[in-house]
file start-v7.txt (compact mmCIF, C-alpha atoms)
# COMPACT_ATOMS: atom_id res chain seq x y z
CA MET A 1 59.27 143.21 -66.12
CA THR A 2 60.84 146.48 -64.97
CA ALA A 3 59.45 147.93 -61.75
CA GLU A 4 57.11 150.88 -62.17
CA ALA A 5 58.90 154.21 -61.98
CA THR A 6 58.04 157.15 -59.79
CA PRO A 7 57.56 160.50 -61.59
CA LYS A 8 60.87 161.89 -60.31
CA ASP A 9 62.69 159.24 -62.38
CA PHE A 10 61.21 160.34 -65.73
CA VAL A 11 63.39 162.21 -68.20
CA HIS A 12 62.01 165.74 -68.53
CA ASP A 13 59.95 166.34 -71.70
CA PHE A 14 60.82 162.89 -73.06
CA VAL A 15 58.29 160.76 -74.94
CA ALA A 16 59.09 157.19 -75.97
CA VAL A 17 57.90 155.95 -79.37
CA VAL A 18 57.68 152.25 -80.19
CA PRO A 19 57.25 151.40 -83.88
CA ALA A 20 55.63 147.96 -83.89
CA GLY A 21 55.67 146.72 -87.46
CA GLY A 22 57.16 143.99 -89.59
CA VAL A 23 56.21 140.34 -89.72
CA GLY A 24 59.47 138.63 -88.82
CA SER A 25 59.55 136.48 -91.96
CA ARG A 26 62.62 134.51 -90.84
CA LEU A 27 60.64 133.28 -87.83
CA TRP A 28 57.86 131.76 -89.96
CA PRO A 29 55.61 129.92 -89.18
CA LEU A 30 55.79 131.05 -85.55
CA SER A 31 55.57 134.65 -86.74
CA GLN A 32 52.77 135.36 -89.21
CA PRO A 33 51.18 138.49 -90.72
CA SER A 34 48.35 137.97 -88.25
CA ARG A 35 50.78 137.20 -85.39
CA PRO A 36 53.98 139.26 -85.78
CA LYS A 37 56.94 138.49 -83.59
CA PHE A 38 56.54 141.53 -81.32
CA LEU A 39 53.24 140.04 -80.08
CA ILE A 40 54.83 136.67 -79.24
CA ASP A 41 56.46 135.48 -76.02
CA LEU A 42 59.51 134.33 -77.96
CA LEU A 43 61.71 133.68 -74.94
CA ASP A 44 59.05 131.80 -72.96
CA THR A 45 59.26 134.33 -70.11
CA GLY A 46 55.57 135.11 -69.77
CA ALA A 47 55.89 138.47 -71.55
CA THR A 48 55.85 139.31 -75.25
CA LEU A 49 58.57 141.39 -76.90
CA ILE A 50 56.42 144.53 -77.03
CA GLN A 51 55.47 144.13 -73.37
CA ASP A 52 59.16 143.88 -72.46
CA THR A 53 59.96 146.94 -74.58
CA VAL A 54 57.32 149.13 -72.96
CA ALA A 55 58.28 147.93 -69.48
CA ARG A 56 61.94 148.75 -70.22
CA LEU A 57 60.96 152.30 -71.22
CA SER A 58 58.63 152.89 -68.28
CA PRO A 59 61.30 154.29 -65.90
CA LEU A 60 62.32 156.85 -68.54
CA ALA A 61 59.17 158.18 -70.15
CA GLU A 62 55.90 159.26 -68.57
CA GLU A 63 54.27 158.72 -71.97
CA THR A 64 54.89 155.95 -74.51
CA VAL A 65 53.35 156.13 -77.98
CA ILE A 66 52.94 152.92 -79.99
CA VAL A 67 52.73 153.03 -83.79
CA THR A 68 51.41 149.81 -85.28
CA GLY A 69 49.33 148.46 -88.14
CA ALA A 70 45.57 148.82 -87.93
CA ARG A 71 45.16 145.03 -87.99
CA HIS A 72 47.32 144.70 -84.83
CA ALA A 73 46.03 147.69 -82.86
CA ASP A 74 43.49 145.70 -80.83
CA ALA A 75 46.05 143.02 -79.95
CA VAL A 76 48.58 145.68 -78.93
CA ALA A 77 45.97 147.37 -76.76
CA GLY A 78 45.10 144.05 -75.17
CA GLN A 79 48.72 143.33 -74.31
CA LEU A 80 49.39 146.88 -73.03
CA PRO A 81 46.39 147.79 -70.86
CA ASP A 82 48.31 150.59 -69.11
CA VAL A 83 48.94 152.45 -72.39
CA PRO A 84 46.05 154.88 -73.03
CA ALA A 85 44.06 154.19 -76.18
CA GLY A 86 45.00 157.61 -77.53
CA ASP A 87 48.69 156.67 -77.42
CA ILE A 88 48.22 153.75 -79.82
CA ILE A 89 48.52 155.13 -83.35
CA ALA A 90 47.21 152.74 -85.99
CA GLU A 91 48.60 152.95 -89.53
CA PRO A 92 46.17 151.93 -92.30
CA SER A 93 49.01 150.26 -94.24
CA PRO A 94 52.79 149.89 -93.96
CA ARG A 95 54.72 152.94 -95.25
CA ASP A 96 58.12 151.98 -93.73
CA SER A 97 59.76 153.42 -90.62
CA MET A 98 60.00 157.10 -91.61
CA ALA A 99 56.26 157.61 -92.01
CA ALA A 100 55.53 155.81 -88.74
CA ILE A 101 58.08 157.74 -86.70
CA ALA A 102 57.26 161.07 -88.36
CA LEU A 103 53.55 160.66 -87.68
CA ALA A 104 54.29 159.96 -84.01
CA ALA A 105 56.50 163.08 -83.88
CA ALA A 106 53.82 165.23 -85.48
CA VAL A 107 51.07 163.94 -83.16
CA ILE A 108 53.28 164.47 -80.10
CA GLU A 109 54.09 168.02 -81.18
CA GLU A 110 50.45 168.75 -82.00
CA ARG A 111 49.42 167.65 -78.52
CA HIS A 112 52.27 168.90 -76.36
CA GLY A 113 54.50 171.23 -78.35
CA GLU A 114 58.17 170.36 -78.83
CA ARG A 115 59.40 167.27 -77.01
CA ILE A 116 62.43 165.01 -77.13
CA MET A 117 61.32 161.69 -78.57
CA GLY A 118 63.11 158.36 -78.61
CA SER A 119 62.22 155.64 -81.12
CA PHE A 120 62.86 152.03 -80.07
CA ALA A 121 61.74 148.95 -81.99
CA ALA A 122 59.13 146.71 -80.36
CA ASP A 123 60.96 143.45 -81.03
CA HIS A 124 64.48 143.85 -79.61
CA VAL A 125 65.76 141.95 -76.57
CA ILE A 126 67.79 143.82 -73.93
CA PRO A 127 68.23 141.52 -70.91
CA ASP A 128 69.74 144.13 -68.58
CA ALA A 129 68.04 147.52 -68.80
CA THR A 130 70.52 149.45 -66.60
CA GLY A 131 73.01 150.21 -69.38
CA PHE A 132 70.15 150.93 -71.79
CA HIS A 133 68.68 153.51 -69.43
CA ALA A 134 72.03 155.25 -69.03
CA ALA A 135 72.53 155.39 -72.81
CA VAL A 136 69.06 156.83 -73.41
CA ARG A 137 69.53 159.52 -70.76
CA LEU A 138 72.83 160.56 -72.38
CA ALA A 139 71.22 160.48 -75.83
CA VAL A 140 68.51 162.86 -74.61
CA GLU A 141 71.20 165.23 -73.35
CA ALA A 142 72.87 165.10 -76.78
CA ALA A 143 69.53 165.62 -78.55
CA ARG A 144 69.01 168.86 -76.60
CA THR A 145 71.94 170.30 -78.62
CA GLY A 146 69.88 169.96 -81.81
CA LYS A 147 71.40 166.73 -83.06
CA VAL A 148 69.71 163.61 -84.31
CA VAL A 149 71.14 161.02 -81.93
CA THR A 150 71.49 157.29 -82.42
CA ILE A 151 72.55 154.65 -79.91
CA GLY A 152 75.30 152.46 -81.38
CA ILE A 153 75.59 148.94 -80.02
CA THR A 154 79.08 147.78 -79.07
CA PRO A 155 79.75 144.77 -81.37
CA ASP A 156 80.84 141.48 -79.85
CA ALA A 157 81.86 139.99 -83.22
CA PRO A 158 81.85 140.87 -86.94
CA SER A 159 78.34 140.46 -88.31
CA SER A 160 76.80 140.85 -91.73
CA ALA A 161 73.31 141.00 -90.19
CA PHE A 162 73.54 144.64 -89.09
CA GLY A 163 74.44 148.05 -90.47
CA TYR A 164 77.29 149.98 -88.88
CA ILE A 165 77.86 153.48 -87.49
CA LYS A 166 81.26 155.18 -87.74
CA ALA A 167 81.95 157.46 -84.77
CA GLY A 168 84.05 160.59 -85.17
CA ALA A 169 85.07 163.40 -82.83
CA SER A 170 83.58 163.89 -79.39
CA LEU A 171 80.42 165.98 -79.29
CA ALA A 172 81.14 169.36 -77.73
CA GLY A 173 79.47 169.82 -74.37
CA VAL A 174 78.20 166.24 -74.03
CA ASP A 175 80.79 163.93 -72.53
CA GLY A 176 80.44 160.41 -73.92
CA ALA A 177 78.69 161.35 -77.17
CA PHE A 178 80.35 161.46 -80.60
CA ALA A 179 79.70 162.89 -84.03
CA VAL A 180 78.65 160.34 -86.64
CA GLU A 181 80.86 160.28 -89.71
CA ALA A 182 78.83 157.78 -91.73
CA PHE A 183 76.35 154.91 -91.75
CA THR A 184 77.28 151.73 -93.60
CA GLU A 185 74.73 149.27 -94.96
CA LYS A 186 75.05 145.62 -93.95
CA PRO A 187 78.57 144.55 -95.09
CA ASP A 188 79.86 141.06 -95.78
CA GLU A 189 81.65 139.40 -92.85
CA GLU A 190 85.14 140.09 -94.21
CA THR A 191 84.36 143.80 -94.54
CA ALA A 192 82.73 143.83 -91.10
CA ALA A 193 85.84 142.25 -89.56
CA ALA A 194 88.06 144.89 -91.20
CA MET A 195 85.77 147.67 -89.93
CA LEU A 196 85.90 146.41 -86.36
CA ALA A 197 89.67 146.00 -86.55
CA SER A 198 90.02 149.64 -87.61
CA GLY A 199 88.01 150.81 -84.57
CA GLY A 200 85.22 153.31 -84.04
CA TYR A 201 82.35 151.23 -85.43
CA SER A 202 79.11 150.24 -83.73
CA TRP A 203 76.09 148.25 -84.81
CA ASN A 204 73.13 150.30 -86.00
CA ALA A 205 70.14 149.12 -83.93
CA GLY A 206 67.77 151.73 -85.33
CA MET A 207 67.41 153.61 -82.03
CA PHE A 208 66.96 157.35 -82.56
CA VAL A 209 66.56 160.16 -80.02
CA VAL A 210 65.74 163.64 -81.37
CA SER A 211 63.63 166.72 -80.77
CA THR A 212 60.32 166.49 -82.59
CA SER A 213 60.92 169.93 -84.13
CA VAL A 214 64.42 168.99 -85.31
CA LEU A 215 63.19 165.75 -86.87
CA LEU A 216 60.29 167.40 -88.66
CA ALA A 217 62.47 170.31 -89.84
CA HIS A 218 64.94 167.88 -91.43
CA LEU A 219 62.03 166.06 -92.99
CA ALA A 220 60.62 169.29 -94.39
CA ARG A 221 63.93 169.87 -96.21
CA LEU A 222 64.62 166.31 -97.33
CA GLN A 223 61.15 164.77 -97.75
CA PRO A 224 58.75 167.73 -97.90
CA THR A 225 55.74 165.77 -99.14
CA LEU A 226 56.06 163.33 -96.27
CA GLU A 227 56.46 166.09 -93.69
CA ALA A 228 53.45 168.02 -94.98
CA GLY A 229 51.41 164.82 -95.01
CA VAL A 230 52.09 163.80 -91.43
CA ARG A 231 51.49 167.37 -90.27
CA GLU A 232 48.07 167.34 -91.95
CA ILE A 233 47.19 163.95 -90.45
CA ALA A 234 48.40 164.98 -86.98
CA ALA A 235 46.32 168.17 -87.05
CA ALA A 236 43.21 166.01 -87.55
CA TRP A 237 44.26 163.08 -85.38
CA ASP A 238 42.31 163.94 -82.24
CA GLY A 239 39.31 165.31 -84.12
CA ALA A 240 36.30 164.10 -86.05
CA GLU A 241 38.08 164.29 -89.42
CA ARG A 242 40.85 161.82 -88.60
CA ASP A 243 39.53 158.90 -90.65
CA GLU A 244 38.89 161.01 -93.75
CA VAL A 245 42.27 162.76 -93.64
CA LEU A 246 44.13 159.54 -92.85
CA ALA A 247 42.47 157.65 -95.72
CA ARG A 248 43.20 160.47 -98.15
CA VAL A 249 46.75 161.43 -97.15
CA TRP A 250 48.42 158.28 -95.79
CA PRO A 251 48.66 156.41 -99.13
CA THR A 252 50.45 159.42 -100.66
CA LEU A 253 53.33 159.39 -98.15
CA THR A 254 56.75 158.37 -99.43
CA LYS A 255 57.64 154.84 -98.42
CA ILE A 256 61.18 155.14 -97.04
CA ALA A 257 63.20 154.05 -94.00
CA ILE A 258 64.37 156.63 -91.48
CA ASP A 259 67.99 155.62 -92.17
CA HIS A 260 67.70 156.71 -95.81
CA ALA A 261 65.36 159.64 -95.26
CA ILE A 262 67.11 161.30 -92.31
CA ALA A 263 70.05 159.48 -90.70
CA GLU A 264 72.35 159.12 -93.71
CA PRO A 265 71.86 162.56 -95.35
CA VAL A 266 71.88 164.45 -92.04
CA ALA A 267 75.02 162.59 -90.92
CA ALA A 268 76.70 163.75 -94.13
CA GLU A 269 75.84 167.32 -93.05
CA GLY A 270 77.30 166.80 -89.57
CA GLY A 271 73.93 166.74 -87.84
CA VAL A 272 73.96 163.24 -86.29
CA ALA A 273 75.56 162.15 -83.01
CA MET A 274 76.08 158.72 -81.49
CA VAL A 275 75.99 157.46 -77.92
CA PRO A 276 77.67 154.08 -77.32
CA GLY A 277 75.33 151.37 -76.12
CA ASP A 278 77.52 149.05 -74.10
CA PHE A 279 74.75 146.69 -73.00
CA PRO A 280 73.53 143.26 -74.14
CA TRP A 281 71.27 143.68 -77.17
CA HIS A 282 69.72 141.10 -79.47
CA ASP A 283 67.70 141.41 -82.64
CA VAL A 284 65.93 138.07 -82.56
CA GLY A 285 65.75 137.78 -86.32
CA ASP A 286 65.79 134.01 -86.88
CA PHE A 287 65.67 130.67 -85.10
CA ASP A 288 69.44 130.48 -84.72
CA SER A 289 69.58 133.81 -82.88
CA LEU A 290 66.53 132.78 -80.83
CA ALA A 291 68.23 129.54 -79.79
CA SER A 292 71.36 131.43 -78.72
CA LEU A 293 69.30 133.23 -76.07
CA LEU A 294 67.79 130.10 -74.55
CA THR A 295 69.08 127.31 -72.31
CA ALA A 296 68.89 123.66 -73.29
CA ASP A 297 67.10 121.17 -71.09
CA ALA A 298 68.85 118.17 -69.54
CA ASP A 299 68.42 116.12 -72.75
CA GLY A 300 70.13 118.82 -74.83
CA ALA A 301 66.98 120.12 -76.54
CA ILE A 302 65.97 123.78 -76.47
CA ARG A 303 62.20 123.99 -76.07
CA VAL A 304 59.90 126.98 -76.65
CA SER A 305 56.16 126.67 -75.92
CA ARG A 306 56.44 122.91 -76.35
CA SER A 307 53.99 120.57 -74.56
CA GLY A 308 54.64 117.23 -76.28
CA PRO A 309 57.46 114.74 -75.55
CA VAL A 310 60.76 114.90 -77.47
CA SER A 311 63.23 112.07 -78.08
CA LEU A 312 66.72 112.85 -79.42
CA VAL A 313 68.90 110.15 -80.97
CA GLY A 314 72.26 111.46 -82.12
CA ALA A 315 70.73 114.91 -82.54
CA PRO A 316 72.70 117.49 -80.55
CA GLY A 317 71.68 121.13 -80.60
CA ALA A 318 68.02 120.51 -81.39
CA VAL A 319 65.55 123.42 -81.14
CA VAL A 320 61.85 122.53 -80.82
CA VAL A 321 59.20 125.25 -80.98
CA GLY A 322 55.54 124.49 -80.28
CA GLY A 323 53.63 121.26 -80.81
CA SER A 324 52.00 118.61 -78.66
CA LYS A 325 52.55 115.40 -80.66
CA PRO A 326 55.50 113.13 -79.74
CA LEU A 327 58.55 114.19 -81.75
CA ALA A 328 61.73 112.22 -82.50
CA ILE A 329 64.85 113.72 -84.09
CA VAL A 330 67.35 111.13 -85.24
CA GLY A 331 70.84 111.68 -86.61
CA LEU A 332 70.47 115.40 -87.33
CA ALA A 333 72.68 117.92 -85.56
CA ASP A 334 71.38 121.45 -84.94
CA ALA A 335 67.91 120.67 -86.25
CA VAL A 336 65.08 123.16 -85.75
CA VAL A 337 61.47 121.94 -85.74
CA VAL A 338 58.68 124.50 -85.54
CA ASP A 339 55.12 123.21 -85.17
CA THR A 340 52.17 125.62 -85.29
CA ASP A 341 48.50 125.35 -86.20
CA GLU A 342 49.30 126.79 -89.64
CA ALA A 343 52.43 124.91 -90.74
CA LEU A 344 55.42 122.70 -89.93
CA LEU A 345 59.00 123.87 -90.51
CA VAL A 346 62.15 121.72 -90.35
CA LEU A 347 65.56 123.28 -90.96
CA GLY A 348 69.19 123.30 -89.90
CA ARG A 349 70.26 126.21 -87.71
CA GLU A 350 72.94 127.22 -90.21
CA ALA A 351 70.19 127.87 -92.78
CA ALA A 352 68.10 130.01 -90.44
CA GLN A 353 68.37 133.13 -92.62
CA ARG A 354 66.85 131.27 -95.59
CA VAL A 355 63.45 130.80 -93.98
CA LYS A 356 62.37 134.12 -95.53
CA ASP A 357 62.73 132.47 -98.98
CA VAL A 358 60.12 129.79 -98.28
CA GLN A 359 57.45 129.68 -100.99
CA PHE A 360 54.56 127.39 -101.78
CA PRO A 361 53.09 126.75 -105.24
CA GLY A 362 49.80 128.35 -106.05
call {"tool": "encode", "arguments": {"input": "start-v7.txt", "output": "structure tokens"}}
result
Amino acid sequence: MTAEATPKDFVHDFVAVVPAGGVGSRLWPLSQPSRPKFLIDLLDTGATLIQDTVARLSPLAEETVIVTGARHADAVAGQLPDVPAGDIIAEPSPRDSMAAIALAAAVIEERHGERIMGSFAADHVIPDATGFHAAVRLAVEAARTGKVVTIGITPDAPSSAFGYIKAGASLAGVDGAFAVEAFTEKPDEETAAAMLASGGYSWNAGMFVVSTSVLLAHLARLQPTLEAGVREIAAAWDGAERDEVLARVWPTLTKIAIDHAIAEPVAAEGGVAMVPGDFPWHDVGDFDSLASLLTADADGAIRVSRSGPVSLVGAPGAVVVGGSKPLAIVGLADAVVVDTDEALLVLGREAAQRVKDVQFPG
């Protein structure tokens, strides 16, 4: 965990926002609707992903606002005892990332006036926070010019798992920041390889830094119903009418991702900038990516929260998650076995992305 910051280290007028949503369907059955991946100690370090995220932000922001589903609010509060209850915003139902981030912006502005906010997902892994901190500080500087700013991750290989950001000219007055020419949805690997070969592309990690007033002004132009809705909810948030207004207005908000609502159209208008994020970053989206972050034991098996014995016979690259019964893997390379109270999953690492397609009859 990152050491606690002193006030002089905080970025002036900066509020961190952590959207904590999504189930992590490719990590089933470890991740469940009742136990999403951000609440799990996936790397067996003693801290969950959301705890790591908040600790990583603590040297930058004096205040961190969490936006999560109502069903997870108590668990989030339990894992983050240093976050004030008022800074945990509970959504009644999922309305995608734009509604969550916009509501946080509106509540922040209602409470404090205009602030620079940075939105960072609760379930990303950044092993070394030093480069992350430097990128966020530069992104805040760029956001003070009125831009929507994203942090683009320096790719280490072509990948079809992420969207891409195309950087253009340098941003005037902010050394190290660039205009964004376009966002590209997840390409196939051949297209991704061609993009990287041409230069100027970064992975889109969904990190956004922007003034609350700039974000809400763009939203008022591009998604006026959504902007008016979050403004109405925010005005009632700290008062007696919150529950009534939230129940009435929240279901009417447009369900749309921030990339489609703001990032892509505003980039086309020249209003988005990018700061390179040259630091290790991992979106632990499936069991193959999880295994790549862990170290095998002496017998060659990678274990996560496993208490029972494991015997490998001609089974290199095995990943074993959970379980207390003796387990033998024989003649299967790169096998993944996940044992929870709810279900048992067996797969090959190369098929890790297909876990989201699991269905049961009835």
call {"tool": "closest_residue", "arguments": {"input": "start-v7.txt", "among": "A:Leu60, A:Val23, A:Ala261, A:Val11", "to": "Ala220 (chain A)", "atoms": "all atoms listed in the file"}}
result
A:Ala261
call {"tool": "residues_around", "arguments": {"input": "start-v7.txt", "residues": "region 150-166 of chain A", "least_positions_apart": "3", "cutoff": "10 Å", "atoms": "only C-alpha atoms", "output": "VMD selection string"}}
result
chain A and resid 118 to 119 132 135 to 136 138 to 139 142 to 143 147 177 to 197 199 to 210 263 272 to 283 285 353
call {"tool": "residues_around", "arguments": {"input": "start-v7.txt", "residues": "Ala236 (chain A)", "least_positions_apart": "2", "cutoff": "12 Å", "atoms": "only C-alpha atoms", "output": "JSON, numbers by chain"}}
result
{"A": [103, 106, 107, 110, 111, 229, 230, 231, 232, 233, 234, 238, 239, 240, 241, 242, 243, 244, 245, 246, 247, 248, 249]}
call {"tool": "residues_near_point", "arguments": {"input": "start-v7.txt", "point": "(60.3, 157.9, -78.4)", "cutoff": "8 Å", "atoms": "all atoms listed in the file", "output": "ChimeraX atom specification"}}
result
/A:14-18,64-65,116-120,208-209
call {"tool": "residues_around", "arguments": {"input": "start-v7.txt", "residues": "Trp28 (chain A)", "least_positions_apart": "4", "cutoff": "9 Å", "atoms": "all atoms listed in the file", "output": "PDB file with C-alpha atoms, in the frame of the given file"}}
result
ATOM      1  CA  VAL A  23      56.210 140.340 -89.720  1.00  0.00           C
ATOM      2  CA  GLY A  24      59.470 138.630 -88.820  1.00  0.00           C
ATOM      3  CA  GLN A  32      52.770 135.360 -89.210  1.00  0.00           C
ATOM      4  CA  ASP A 286      65.790 134.010 -86.880  1.00  0.00           C
ATOM      5  CA  VAL A 338      58.680 124.500 -85.540  1.00  0.00           C
ATOM      6  CA  ALA A 343      52.430 124.910 -90.740  1.00  0.00           C
ATOM      7  CA  LEU A 345      59.000 123.870 -90.510  1.00  0.00           C
ATOM      8  CA  VAL A 355      63.450 130.800 -93.980  1.00  0.00           C
ATOM      9  CA  LYS A 356      62.370 134.120 -95.530  1.00  0.00           C
ATOM     10  CA  VAL A 358      60.120 129.790 -98.280  1.00  0.00           C
TER      11      VAL A 358
END
call {"tool": "closest_residue", "arguments": {"input": "start-v7.txt", "among": "A:Val319, A:Ala122, A:Leu344, A:Ala102", "to": "Gly22 (chain A)", "atoms": "all atoms listed in the file"}}
result
A:Ala122
call {"tool": "build_atoms", "arguments": {"input": "start-v7.txt", "residues": "region 70-91 of chain A", "atoms": "N, CA, C and O atoms", "output": "compact mmCIF listing (two decimals), keeping the file's coordinate frame"}}
result
# COMPACT_ATOMS: atom_id res chain seq x y z
N ALA A 70 46.97 148.83 -88.37
CA ALA A 70 45.57 148.82 -87.93
C ALA A 70 45.11 147.41 -87.55
O ALA A 70 44.35 147.24 -86.60
N ARG A 71 45.60 146.40 -88.26
CA ARG A 71 45.16 145.03 -87.99
C ARG A 71 45.69 144.51 -86.65
O ARG A 71 45.17 143.52 -86.11
N HIS A 72 46.73 145.16 -86.09
CA HIS A 72 47.32 144.70 -84.83
C HIS A 72 46.98 145.61 -83.66
O HIS A 72 47.37 145.32 -82.53
N ALA A 73 46.27 146.70 -83.91
CA ALA A 73 46.03 147.69 -82.86
C ALA A 73 45.27 147.10 -81.68
O ALA A 73 45.59 147.39 -80.51
N ASP A 74 44.26 146.29 -81.93
CA ASP A 74 43.49 145.70 -80.83
C ASP A 74 44.34 144.75 -80.01
O ASP A 74 44.26 144.74 -78.77
N ALA A 75 45.18 143.95 -80.68
CA ALA A 75 46.05 143.02 -79.95
C ALA A 75 47.08 143.78 -79.12
O ALA A 75 47.37 143.40 -77.98
N VAL A 76 47.63 144.85 -79.68
CA VAL A 76 48.58 145.68 -78.93
C VAL A 76 47.90 146.27 -77.70
O VAL A 76 48.43 146.24 -76.59
N ALA A 77 46.70 146.80 -77.88
CA ALA A 77 45.97 147.37 -76.76
C ALA A 77 45.69 146.33 -75.69
O ALA A 77 45.78 146.61 -74.49
N GLY A 78 45.37 145.12 -76.12
CA GLY A 78 45.10 144.05 -75.17
C GLY A 78 46.33 143.65 -74.37
O GLY A 78 46.23 143.30 -73.19
N GLN A 79 47.49 143.70 -75.01
CA GLN A 79 48.72 143.33 -74.31
C GLN A 79 49.28 144.47 -73.45
O GLN A 79 50.09 144.22 -72.55
N LEU A 80 48.86 145.71 -73.74
CA LEU A 80 49.39 146.88 -73.03
C LEU A 80 48.24 147.67 -72.41
O LEU A 80 47.95 148.81 -72.81
N PRO A 81 47.57 147.11 -71.42
CA PRO A 81 46.39 147.79 -70.86
C PRO A 81 46.71 149.10 -70.18
O PRO A 81 45.80 149.94 -69.99
N ASP A 82 47.96 149.34 -69.79
CA ASP A 82 48.31 150.59 -69.11
C ASP A 82 48.63 151.72 -70.08
O ASP A 82 48.83 152.86 -69.66
N VAL A 83 48.72 151.40 -71.39
CA VAL A 83 48.94 152.45 -72.39
C VAL A 83 47.58 153.00 -72.81
O VAL A 83 46.73 152.26 -73.29
N PRO A 84 47.35 154.31 -72.65
CA PRO A 84 46.05 154.88 -73.03
C PRO A 84 45.74 154.64 -74.50
O PRO A 84 46.65 154.62 -75.35
N ALA A 85 44.47 154.46 -74.80
CA ALA A 85 44.06 154.19 -76.18
C ALA A 85 44.55 155.27 -77.14
O ALA A 85 44.91 154.99 -78.28
N GLY A 86 44.57 156.52 -76.68
CA GLY A 86 45.00 157.61 -77.53
C GLY A 86 46.47 157.58 -77.88
O GLY A 86 46.92 158.29 -78.79
N ASP A 87 47.25 156.79 -77.15
CA ASP A 87 48.69 156.67 -77.42
C ASP A 87 49.02 155.46 -78.28
O ASP A 87 50.20 155.13 -78.44
N ILE A 88 48.00 154.82 -78.83
CA ILE A 88 48.22 153.75 -79.82
C ILE A 88 47.78 154.30 -81.18
O ILE A 88 46.60 154.52 -81.43
N ILE A 89 48.76 154.56 -82.02
CA ILE A 89 48.52 155.13 -83.35
C ILE A 89 48.50 154.00 -84.36
O ILE A 89 49.48 153.26 -84.50
N ALA A 90 47.38 153.84 -85.05
CA ALA A 90 47.21 152.74 -85.99
C ALA A 90 47.40 153.23 -87.42
O ALA A 90 46.67 154.13 -87.88
N GLU A 91 48.37 152.64 -88.11
CA GLU A 91 48.60 152.95 -89.53
C GLU A 91 47.65 152.13 -90.40
O GLU A 91 47.51 150.92 -90.18
